[in-house]
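Trainee: The structure is given below, and queries will be raised subsequently.
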Amino acid sequence: MPDSNALLGFGVVYEIGDDALDPPTDWIEVAEVNQITPPNTQAADVEVTHMQSPNRTREYIAGLIEPGDASFGINWIPNDTTGQLMLTLKTSGERRSHRITWPNGVTWTFRAYVKGFEPSTPMDDKMTATVTCKVSASVVEAAGS
């Protein structure tokens, strides 16, 4: 049996374009990311059942693709640069390019806006925040170098 090619998540980088241009002029690396949930793209279900559908069973075809949400967790330090950027982007509703670089160098790039910023302050653990982004276009995958 061949050896596994599995990768650790350690080393993944999440970046946001420094401006609203597509492509951005530069990238801002989000600091202290501790978890990433990439976009969950899903095709809508379009029902096409008719009076003669076989076995009285509903029929479906794939509809438009919903690009979904992406989210990431950070170690949250109140009033730090990363937290302030996320709050500013949430307030503005500005769509920017987002890029995830996986440990093997593959990148996923997509347009999104920050729709949620949720801090968590446990009594006996690190403070964190979850940032939720609404993806507003297709995810583009590029091979690593």
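In the structure tokens, chains take the letters A, B, ... in the order shown, each chain's residues start at 1, and ligands count up from 1 in the order shown.
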Write out as a ChimeraX atom specification the residues lying within 8 Å of region 96-108 of chain A, counting only C-alpha atoms and excluding same-chain residues fewer than 6 positions away.
Mentor: /A:7-24,139-145
Trainee: Looking only at the backbone, which of the residues in chain A does DSSP tag as strand (DSSP E or B), as a ChimeraX atom specification?
Mentor: /A:13-17,27-29,33-37,42-47,60-66,69-75,96-101,107-120,128-135,140-142
Trainee: With DSSP run on the backbone, what are the helix (DSSP H, G or I) residues within chain A? I'd like them as an MDAnalysis selection string.
Mentor: chainID A and resid 54:56 81:92
Trainee: Would you put the residues from that selection into a file with N, CA, C and O atoms, as a CSV table (one decimal), in the first residue's frame?
Mentor:
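Result written to selection.csv:
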chain,number,residue,atom,x,y,z
A,54,PRO,N,-41.6,8.9,-13.5
A,54,PRO,CA,-41.5,7.4,-13.2
A,54,PRO,C,-41.7,7.1,-11.7
A,54,PRO,O,-41.1,7.8,-10.8
A,55,ASN,N,-42.5,6.1,-11.4
A,55,ASN,CA,-42.7,5.6,-10.0
A,55,ASN,C,-43.2,6.7,-9.0
A,55,ASN,O,-42.9,6.6,-7.9
A,56,ARG,N,-43.9,7.7,-9.5
A,56,ARG,CA,-44.5,8.8,-8.7
A,56,ARG,C,-43.3,9.4,-7.8
A,56,ARG,O,-43.5,9.8,-6.7
A,81,THR,N,-4.9,45.2,14.7
A,81,THR,CA,-5.1,45.5,13.3
A,81,THR,C,-6.1,44.6,12.6
A,81,THR,O,-6.9,45.0,11.8
A,82,THR,N,-6.0,43.3,12.8
A,82,THR,CA,-6.8,42.3,12.1
A,82,THR,C,-8.3,42.5,12.5
A,82,THR,O,-9.2,42.6,11.7
A,83,GLY,N,-8.6,42.6,13.8
A,83,GLY,CA,-9.9,42.8,14.3
A,83,GLY,C,-10.5,44.1,13.7
A,83,GLY,O,-11.7,44.1,13.3
A,84,GLN,N,-9.7,45.1,13.7
A,84,GLN,CA,-10.2,46.4,13.2
A,84,GLN,C,-10.5,46.3,11.7
A,84,GLN,O,-11.6,46.8,11.3
A,85,LEU,N,-9.7,45.6,11.0
A,85,LEU,CA,-9.9,45.5,9.5
A,85,LEU,C,-11.2,44.7,9.3
A,85,LEU,O,-12.1,45.1,8.5
A,86,MET,N,-11.5,43.6,10.1
A,86,MET,CA,-12.7,42.8,9.9
A,86,MET,C,-13.9,43.6,10.2
A,86,MET,O,-14.9,43.6,9.5
A,87,LEU,N,-13.9,44.4,11.3
A,87,LEU,CA,-15.0,45.3,11.6
A,87,LEU,C,-15.3,46.3,10.6
A,87,LEU,O,-16.4,46.6,10.2
A,88,THR,N,-14.2,46.9,10.1
A,88,THR,CA,-14.3,47.9,9.0
A,88,THR,C,-15.0,47.3,7.8
A,88,THR,O,-15.9,47.9,7.2
A,89,LEU,N,-14.5,46.2,7.4
A,89,LEU,CA,-15.0,45.5,6.2
A,89,LEU,C,-16.5,45.1,6.4
A,89,LEU,O,-17.3,45.2,5.5
A,90,LYS,N,-16.8,44.7,7.6
A,90,LYS,CA,-18.2,44.3,7.9
A,90,LYS,C,-19.1,45.5,7.8
A,90,LYS,O,-20.2,45.5,7.2
A,91,THR,N,-18.7,46.6,8.3
A,91,THR,CA,-19.5,47.8,8.3
A,91,THR,C,-19.6,48.4,6.9
A,91,THR,O,-20.7,48.8,6.5
A,92,SER,N,-18.6,48.3,6.1
A,92,SER,CA,-18.6,48.9,4.7
A,92,SER,C,-19.4,48.0,3.8
A,92,SER,O,-19.9,48.5,2.8
Trainee: Pick out the closest residue to Thr128 (chain A) from this set: A:Val114, A:Ile74, A:Val30, A:Val46. Count only C-alpha atoms.
Mentor: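 That would be A:Ile74, the residue with the smallest distance to Thr128 (chain A).
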Trainee: May I have the residues within 12 Å of Ala137 (chain A) as a PyMOL selection string, using only C-alpha atoms and disregarding those fewer than 6 positions away in the same chain?
Mentor: chain A and resi 22+39+41+64-70+95-98+108-113
Trainee: Excluding Gly63 (chain A) and its own-chain neighbours fewer than 5 positions away, which residues fall within 9 Å of it when counting only C-alpha atoms? Please give them as a PyMOL selection string.
Mentor: chain A and resi 43-46
Trainee: Output N, CA, C and O atoms of each residue in that selection to a file, as a short mmCIF file (atom, residue, chain, number, x, y, z; two decimals), in the first residue's frame.
Mentor:
data_model
loop_
_atom_site.label_atom_id
_atom_site.label_comp_id
_atom_site.auth_asym_id
_atom_site.auth_seq_id
_atom_site.Cartn_x
_atom_site.Cartn_y
_atom_site.Cartn_z
N ALA A 43 -24.92 23.41 -5.72
CA ALA A 43 -25.91 23.67 -6.76
C ALA A 43 -27.30 23.60 -6.14
O ALA A 43 -27.58 22.77 -5.28
N ALA A 44 -28.16 24.51 -6.58
CA ALA A 44 -29.56 24.48 -6.13
C ALA A 44 -30.26 23.28 -6.76
O ALA A 44 -29.87 22.80 -7.82
N ASP A 45 -31.28 22.79 -6.06
CA ASP A 45 -32.10 21.71 -6.59
C ASP A 45 -33.33 22.32 -7.26
O ASP A 45 -34.08 23.06 -6.62
N VAL A 46 -33.53 22.02 -8.54
CA VAL A 46 -34.70 22.51 -9.26
C VAL A 46 -35.60 21.32 -9.54
O VAL A 46 -35.20 20.37 -10.22
#
Trainee: With a distance cut-off of 12 Å and only C-alpha atoms, select the neighbouring residues of region 119-124 of chain A, excluding the residue or stretch itself and same-chain residues fewer than 3 positions from it, and output the selection as a list in words.
Mentor: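 Here the qualifying residues turn out to be Phe72, Gly73, Ile74, Asn75, Trp76, Ile77, Pro78, Asn79, Gly83, Met86, Leu87, Gly116, Met127, Thr128, Ala129, Thr130, Val131 and Thr132 of chain A.
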